[in-house]
$ cat query_34.pdb   # PDB, C-alpha atoms
ATOM      1  CA  MET A   1     -12.949  13.399   1.008
ATOM      2  CA  LEU A   2      -9.841  11.350   1.677
ATOM      3  CA  ILE A   3      -9.038   8.289  -0.401
ATOM      4  CA  VAL A   4      -6.066   6.141   0.479
ATOM      5  CA  SER A   5      -4.794   3.275  -1.618
ATOM      6  CA  LEU A   6      -2.291   0.938  -0.062
ATOM      7  CA  ALA A   7      -0.732  -1.534  -2.443
ATOM      8  CA  LEU A   8       1.069  -4.501  -0.982
ATOM      9  CA  LEU A   9       3.467  -6.423  -3.165
ATOM     10  CA  LEU A  10       4.862  -9.894  -2.616
ATOM     11  CA  VAL A  11       8.125 -10.439  -4.456
ATOM     12  CA  GLY A  12      11.032 -12.844  -4.237
ATOM     13  CA  TYR A  13      14.681 -12.362  -3.538
ATOM     14  CA  GLN A  14      17.687 -14.565  -2.777
ATOM     15  CA  GLU A  15      18.755 -14.907   0.850
ATOM     16  CA  ARG A  16      21.533 -17.294   1.897
ATOM     17  CA  GLY A  17      21.140 -19.370  -1.245
ATOM     18  CA  ARG A  18      17.379 -19.926  -1.079
ATOM     19  CA  LEU A  19      14.383 -18.090  -2.467
ATOM     20  CA  THR A  20      12.428 -16.221   0.198
ATOM     21  CA  ARG A  21       9.565 -13.764  -0.036
ATOM     22  CA  TRP A  22       9.013 -10.335   1.442
ATOM     23  CA  LEU A  23       6.160  -7.850   1.430
ATOM     24  CA  ALA A  24       6.854  -4.326   0.165
ATOM     25  CA  PRO A  25       4.303  -1.605   1.057
ATOM     26  CA  LEU A  26       3.824   2.025   0.170
ATOM     27  CA  THR A  27       6.940   4.084   0.602
ATOM     28  CA  PRO A  28       6.557   6.311   3.617
ATOM     29  CA  THR A  29       8.766   9.373   3.654
ATOM     30  CA  PRO A  30       8.715  12.467   5.840
ATOM     31  CA  THR A  31       9.268  14.823   2.903
ATOM     32  CA  PRO A  32       7.528  15.171  -0.463
ATOM     33  CA  GLN A  33       8.761  12.702  -3.062
ATOM     34  CA  PRO A  34       8.237  12.657  -6.819
ATOM     35  CA  VAL A  35       5.602  10.315  -8.195
ATOM     36  CA  VAL A  36       4.725   9.094 -11.663
ATOM     37  CA  GLY A  37       3.547  12.029 -13.743
ATOM     38  CA  GLY A  38       6.039  14.531 -12.344
ATOM     39  CA  THR A  39       3.909  15.736  -9.420
ATOM     40  CA  THR A  40       4.873  15.576  -5.763
ATOM     41  CA  GLN A  41       2.976  14.250  -2.805
ATOM     42  CA  SER A  42       1.973  16.645  -0.060
ATOM     43  CA  GLN A  43       3.590  16.720   3.367
ATOM     44  CA  THR A  44       0.294  15.419   4.791
ATOM     45  CA  THR A  45       0.300  12.443   2.420
ATOM     46  CA  ALA A  46       3.914  11.682   3.286
ATOM     47  CA  GLN A  47       3.108  11.798   7.001
ATOM     48  CA  MET A  48       0.094   9.510   6.538
ATOM     49  CA  GLU A  49       2.155   7.017   4.529
ATOM     50  CA  THR A  50       4.784   7.009   7.271
ATOM     51  CA  ALA A  51       2.150   6.500   9.960
ATOM     52  CA  VAL A  52       0.522   3.643   8.007
ATOM     53  CA  GLN A  53       3.829   1.820   7.563
ATOM     54  CA  GLN A  54       4.846   2.329  11.193
ATOM     55  CA  ARG A  55       1.551   1.089  12.615
ATOM     56  CA  ILE A  56       1.351  -1.873  10.239
ATOM     57  CA  ASN A  57       4.897  -2.838  11.169
ATOM     58  CA  VAL A  58       4.010  -2.703  14.886
ATOM     59  CA  ILE A  59       1.040  -5.012  14.202
ATOM     60  CA  ARG A  60       3.222  -7.359  12.151
ATOM     61  CA  GLN A  61       5.897  -7.475  14.855
ATOM     62  CA  GLN A  62       3.218  -8.288  17.457
ATOM     63  CA  GLN A  63       2.265 -11.251  15.256
ATOM     64  CA  GLY A  64       5.887 -12.409  14.998
ATOM     65  CA  LEU A  65       6.228 -11.270  11.373
ATOM     66  CA  THR A  66       9.007  -9.287   9.739
ATOM     67  CA  THR A  67       8.538  -5.589   9.105
ATOM     68  CA  LEU A  68       7.641  -4.303   5.658
ATOM     69  CA  ARG A  69      10.095  -2.479   3.450
ATOM     70  CA  ALA A  70       9.294   0.590   1.399
ATOM     71  CA  ASN A  71       8.905   0.444  -2.392
ATOM     72  CA  GLU A  72       8.695   3.864  -4.072
ATOM     73  CA  GLN A  73       7.535   2.484  -7.442
ATOM     74  CA  LEU A  74       4.623   0.681  -5.819
ATOM     75  CA  ALA A  75       3.860   3.739  -3.699
ATOM     76  CA  ALA A  76       3.611   5.814  -6.871
ATOM     77  CA  VAL A  77       1.137   3.311  -8.364
ATOM     78  CA  ALA A  78      -0.995   3.512  -5.219
ATOM     79  CA  ARG A  79      -0.839   7.328  -5.032
ATOM     80  CA  ASN A  80      -1.768   7.680  -8.682
ATOM     81  CA  TYR A  81      -4.735   5.346  -8.249
ATOM     82  CA  SER A  82      -5.881   7.260  -5.159
ATOM     83  CA  ARG A  83      -5.692  10.454  -7.205
ATOM     84  CA  GLN A  84      -7.634   8.803 -10.056
ATOM     85  CA  MET A  85     -10.398   7.643  -7.686
ATOM     86  CA  ALA A  86     -10.684  11.130  -6.194
ATOM     87  CA  THR A  87     -10.747  13.007  -9.509
ATOM     88  CA  GLN A  88     -13.109  10.531 -11.231
ATOM     89  CA  ASN A  89     -15.313  10.212  -8.129
ATOM     90  CA  PHE A  90     -15.291   6.427  -7.664
ATOM     91  CA  PHE A  91     -14.057   4.043  -4.985
ATOM     92  CA  ALA A  92     -13.252   0.493  -6.070
ATOM     93  CA  HIS A  93     -10.417  -1.950  -6.618
ATOM     94  CA  VAL A  94     -11.270  -1.947 -10.334
ATOM     95  CA  SER A  95     -11.384   1.374 -12.202
ATOM     96  CA  PRO A  96     -14.403   2.392 -14.302
ATOM     97  CA  GLN A  97     -12.282   1.488 -17.339
ATOM     98  CA  GLY A  98     -11.850  -2.067 -15.975
ATOM     99  CA  GLU A  99      -8.229  -1.640 -14.906
ATOM    100  CA  THR A 100      -7.214  -3.874 -11.981
ATOM    101  CA  LEU A 101      -4.392  -3.581  -9.477
ATOM    102  CA  SER A 102      -2.431  -6.179 -11.443
ATOM    103  CA  ASP A 103      -2.901  -4.069 -14.585
ATOM    104  CA  ARG A 104      -1.651  -0.935 -12.801
ATOM    105  CA  VAL A 105       1.382  -2.687 -11.311
ATOM    106  CA  GLN A 106       2.288  -4.393 -14.607
ATOM    107  CA  ALA A 107       1.981  -1.062 -16.452
ATOM    108  CA  ALA A 108       4.575   0.343 -14.037
ATOM    109  CA  LYS A 109       6.827  -2.614 -14.970
ATOM    110  CA  ILE A 110       6.986  -3.891 -11.383
ATOM    111  CA  PHE A 111       7.750  -7.607 -11.041
ATOM    112  CA  TYR A 112       5.673  -9.486  -8.462
ATOM    113  CA  PHE A 113       4.405 -12.943  -7.471
ATOM    114  CA  THR A 114       1.347 -11.735  -5.566
ATOM    115  CA  VAL A 115      -0.083  -8.257  -5.209
ATOM    116  CA  GLY A 116      -2.798  -6.981  -2.871
ATOM    117  CA  GLU A 117      -4.507  -3.665  -2.306
ATOM    118  CA  ASN A 118      -6.193  -2.115   0.715
ATOM    119  CA  LEU A 119      -8.381   0.938   0.048
ATOM    120  CA  PHE A 120      -9.855   3.412   2.525
ATOM    121  CA  THR A 121     -11.987   6.508   2.146
ATOM    122  CA  SER A 122     -13.236   8.958   4.744
ATOM    123  CA  THR A 123     -14.711  12.379   5.272
ATOM    124  CA  ASN A 124     -13.987  14.516   8.336
ATOM    125  CA  ILE A 125     -12.176  11.835  10.344
ATOM    126  CA  PRO A 126      -9.525  13.495  12.536
ATOM    127  CA  GLN A 127      -7.205  10.435  12.517
ATOM    128  CA  PRO A 128      -7.801   8.730   9.143
ATOM    129  CA  THR A 129      -4.697   6.543   9.444
ATOM    130  CA  ASN A 130      -5.997   4.884  12.605
ATOM    131  CA  ALA A 131      -9.490   4.483  11.135
ATOM    132  CA  ALA A 132      -8.076   2.920   7.958
ATOM    133  CA  ILE A 133      -5.872   0.408   9.742
ATOM    134  CA  ASP A 134      -8.591  -0.491  12.260
ATOM    135  CA  GLY A 135     -10.993  -1.107   9.367
ATOM    136  CA  TRP A 136      -8.457  -3.186   7.449
ATOM    137  CA  MET A 137      -7.642  -5.299  10.491
ATOM    138  CA  ASN A 138     -11.369  -5.999  10.989
ATOM    139  CA  SER A 139     -11.764  -7.143   7.376
ATOM    140  CA  PRO A 140     -10.556 -10.715   6.697
ATOM    141  CA  GLY A 141      -9.178 -10.025   3.197
ATOM    142  CA  HIS A 142      -7.480  -6.770   4.102
ATOM    143  CA  ARG A 143      -6.101  -8.261   7.315
ATOM    144  CA  GLU A 144      -4.672 -11.142   5.260
ATOM    145  CA  ASN A 145      -2.878  -8.605   3.001
ATOM    146  CA  ILE A 146      -1.303  -6.936   6.024
ATOM    147  CA  LEU A 147      -0.355 -10.131   7.858
ATOM    148  CA  ARG A 148       0.919 -12.168   4.915
ATOM    149  CA  PRO A 149       4.277 -13.610   6.000
TER     150      PRO A 149
END

$ encode --input "query_34.pdb" --output "structure tokens"
Amino acid sequence: MLIVSLALLLVGYQERGRLTRWLAPLTPTPTPQPVVGGTTQSQTTAQMETAVQQRINVIRQQQGLTTLRANEQLAAVARNYSRQMATQNFFAHVSPQGETLSDRVQAAKIFYFTVGENLFTSTNIPQPTNAAIDGWMNSPGHRENILRP
């Protein structure tokens, strides 16, 4: 079973003297990267994260939106939650212990204005990245997370 957690984070930064907002997604990387807890992600996970970011950025560009930038801290939060869902055999935005995405992001000491999460699970799907993004784009709330300007 494959479980993917994509956390989207809306934060602020200064640009030309005014406050603007940008969306920071999972960090896609072509090679394994360390995550919270001292473990590394697999090459397959890294490739899926890269594919998710690339396809979402194509969709955003088609909608006239800016591309998303990677955020390794947020990616680690999402990977750890995916791992937790898989090992504890649940699939939900709120953990069995009642922990929410906001709780997980705050525990990682990540500053944000708005945070969103898109989850996907599958079994025996040859192209899970495509299935996940297609599902998210057909879901109003998940689509809103992806297309938030």

$ closest_residue --input "query_34.pdb" --among "A:Phe111, A:Leu147, A:Thr121, A:Glu72" --to "Val58 of chain A" --atoms "all atoms listed in the file"
A:Leu147

$ axis_aligned_box --input "query_34.pdb" --around "segment 72-85 of chain A" --padding-each-side "8 Å" --output "JSON"
{"center_x": -0.9, "center_y": 5.6, "center_z": -6.9, "size_x": 35.1, "size_y": 25.8, "size_z": 22.4}

$ residues_around --input "query_34.pdb" --residues "Gln63 of chain A" --least-positions-apart "5" --cutoff "12 Å" --atoms "all atoms listed in the file" --output "MDAnalysis selection string"
chainID A and resid 56:58 143 146:149

$ residues_around --input "query_34.pdb" --residues "segment 131-139 of chain A" --least-positions-apart "6" --cutoff "9 Å" --atoms "all atoms listed in the file" --output "list in words"
Val4, Val52, Arg55, Ile56, Asn118, Leu119, Phe120, Thr121, Ser122, Ile125, Asn145 and Ile146 of chain A

$ residues_around --input "query_34.pdb" --residues "Gln54 of chain A" --least-positions-apart "5" --cutoff "10 Å" --atoms "only C-alpha atoms" --output "PyMOL selection string"
chain A and resi 28+48-49+59-60+67-68

$ write_last_selection --input "query_34.pdb" --atoms "C-alpha atoms" --output "PDB file, in the frame of the given file"
ATOM      1  CA  PRO A  28       6.557   6.311   3.617  1.00  0.00           C
ATOM      2  CA  MET A  48       0.094   9.510   6.538  1.00  0.00           C
ATOM      3  CA  GLU A  49       2.155   7.017   4.529  1.00  0.00           C
ATOM      4  CA  ILE A  59       1.040  -5.012  14.202  1.00  0.00           C
ATOM      5  CA  ARG A  60       3.222  -7.359  12.151  1.00  0.00           C
ATOM      6  CA  THR A  67       8.538  -5.589   9.105  1.00  0.00           C
ATOM      7  CA  LEU A  68       7.641  -4.303   5.658  1.00  0.00           C
TER       8      LEU A  68
END

$ atom_distance --input "query_34.pdb" --atom1 "atom CA of Asn124 of chain A" --atom2 "atom CA of Ala70 of chain A"
28.0 Å

$ residues_near_point --input "query_34.pdb" --point "(-6.9, -9.1, 0.1)" --cutoff "7 Å" --atoms "all atoms listed in the file" --output "list in words"
Gly116, Glu117, Gly141, His142, Glu144 and Asn145 of chain A

$ atom_distance --input "query_34.pdb" --atom1 "atom CA of Arg79 of chain A" --atom2 "atom CA of Gly98 of chain A"
18.1 Å

$ atom_distance --input "query_34.pdb" --atom1 "atom CA of Pro126 of chain A" --atom2 "atom CA of Gln88 of chain A"
24.2 Å

$ closest_residue --input "query_34.pdb" --among "A:Gln61, A:Tyr81, A:Gln73, A:Thr87" --to "Glu99 of chain A" --atoms "only C-alpha atoms"
A:Tyr81

$ resolve_selection --input "query_34.pdb" --expression "the PyMOL selection byres ((chain A and resi 101-103) around 12)" --output "PyMOL selection string"
chain A and resi 5-9+74+77-78+80-82+92-95+97-100+104-119

$ build_atoms --input "query_34.pdb" --residues "segment 135-146 of chain A" --atoms "all heavy atoms" --output "compact mmCIF listing (two decimals), in the frame of the given file"
# COMPACT_ATOMS: atom_id res chain seq x y z
N GLY A 135 -10.06 -0.50 10.32
CA GLY A 135 -10.99 -1.11 9.37
C GLY A 135 -10.37 -2.27 8.63
O GLY A 135 -11.00 -3.32 8.46
N TRP A 136 -9.14 -2.11 8.17
CA TRP A 136 -8.46 -3.19 7.45
C TRP A 136 -8.26 -4.40 8.34
O TRP A 136 -8.44 -5.53 7.91
CB TRP A 136 -7.10 -2.72 6.92
CG TRP A 136 -7.18 -1.67 5.84
CD1 TRP A 136 -8.21 -1.46 4.96
CD2 TRP A 136 -6.19 -0.70 5.54
NE1 TRP A 136 -7.90 -0.42 4.12
CE2 TRP A 136 -6.67 0.07 4.46
CE3 TRP A 136 -4.94 -0.39 6.06
CZ2 TRP A 136 -5.95 1.11 3.89
CZ3 TRP A 136 -4.22 0.65 5.50
CH2 TRP A 136 -4.72 1.38 4.42
N MET A 137 -7.89 -4.17 9.59
CA MET A 137 -7.64 -5.30 10.49
C MET A 137 -8.93 -6.02 10.87
O MET A 137 -8.90 -7.17 11.28
CB MET A 137 -6.89 -4.82 11.74
CG MET A 137 -5.46 -4.36 11.44
SD MET A 137 -4.46 -5.57 10.55
CE MET A 137 -4.26 -6.81 11.82
N ASN A 138 -10.07 -5.37 10.72
CA ASN A 138 -11.37 -6.00 10.99
C ASN A 138 -12.00 -6.61 9.75
O ASN A 138 -13.11 -7.12 9.80
CB ASN A 138 -12.33 -4.99 11.63
CG ASN A 138 -11.93 -4.67 13.05
OD1 ASN A 138 -11.56 -5.55 13.81
ND2 ASN A 138 -11.98 -3.40 13.41
N SER A 139 -11.30 -6.57 8.63
CA SER A 139 -11.76 -7.14 7.38
C SER A 139 -10.86 -8.32 7.03
O SER A 139 -9.65 -8.13 6.86
CB SER A 139 -11.69 -6.08 6.27
OG SER A 139 -11.78 -6.67 5.00
N PRO A 140 -11.41 -9.54 6.93
CA PRO A 140 -10.56 -10.72 6.70
C PRO A 140 -9.59 -10.59 5.51
O PRO A 140 -8.40 -10.90 5.65
CB PRO A 140 -11.56 -11.85 6.48
CG PRO A 140 -12.77 -11.41 7.25
CD PRO A 140 -12.82 -9.91 7.08
N GLY A 141 -10.05 -10.13 4.37
CA GLY A 141 -9.18 -10.02 3.20
C GLY A 141 -8.09 -8.97 3.36
O GLY A 141 -6.94 -9.21 3.00
N HIS A 142 -8.46 -7.83 3.90
CA HIS A 142 -7.48 -6.77 4.10
C HIS A 142 -6.47 -7.15 5.19
O HIS A 142 -5.27 -6.89 5.07
CB HIS A 142 -8.18 -5.46 4.46
CG HIS A 142 -9.04 -4.95 3.35
ND1 HIS A 142 -10.41 -5.15 3.33
CD2 HIS A 142 -8.74 -4.28 2.21
CE1 HIS A 142 -10.90 -4.61 2.22
NE2 HIS A 142 -9.90 -4.09 1.53
N ARG A 143 -6.98 -7.78 6.25
CA ARG A 143 -6.10 -8.26 7.32
C ARG A 143 -5.09 -9.27 6.76
O ARG A 143 -3.91 -9.22 7.09
CB ARG A 143 -6.95 -8.91 8.41
CG ARG A 143 -6.14 -9.44 9.58
CD ARG A 143 -7.06 -10.10 10.61
NE ARG A 143 -6.30 -10.63 11.70
CZ ARG A 143 -5.97 -9.95 12.79
NH1 ARG A 143 -6.35 -8.70 12.92
NH2 ARG A 143 -5.26 -10.51 13.75
N GLU A 144 -5.56 -10.15 5.88
CA GLU A 144 -4.67 -11.14 5.26
C GLU A 144 -3.57 -10.44 4.47
O GLU A 144 -2.40 -10.85 4.51
CB GLU A 144 -5.47 -12.07 4.36
CG GLU A 144 -4.63 -13.15 3.71
CD GLU A 144 -5.44 -14.05 2.80
OE1 GLU A 144 -6.66 -14.17 2.99
OE2 GLU A 144 -4.84 -14.62 1.88
N ASN A 145 -3.90 -9.36 3.73
CA ASN A 145 -2.88 -8.60 3.00
C ASN A 145 -1.81 -8.08 3.95
O ASN A 145 -0.62 -8.15 3.66
CB ASN A 145 -3.50 -7.42 2.26
CG ASN A 145 -4.18 -7.79 0.98
OD1 ASN A 145 -3.98 -8.87 0.44
ND2 ASN A 145 -5.01 -6.89 0.48
N ILE A 146 -2.24 -7.54 5.07
CA ILE A 146 -1.30 -6.94 6.02
C ILE A 146 -0.46 -7.98 6.75
O ILE A 146 0.72 -7.76 6.99
CB ILE A 146 -2.07 -6.05 7.04
CG1 ILE A 146 -2.63 -4.83 6.31
CG2 ILE A 146 -1.20 -5.65 8.21
CD1 ILE A 146 -3.61 -4.01 7.13
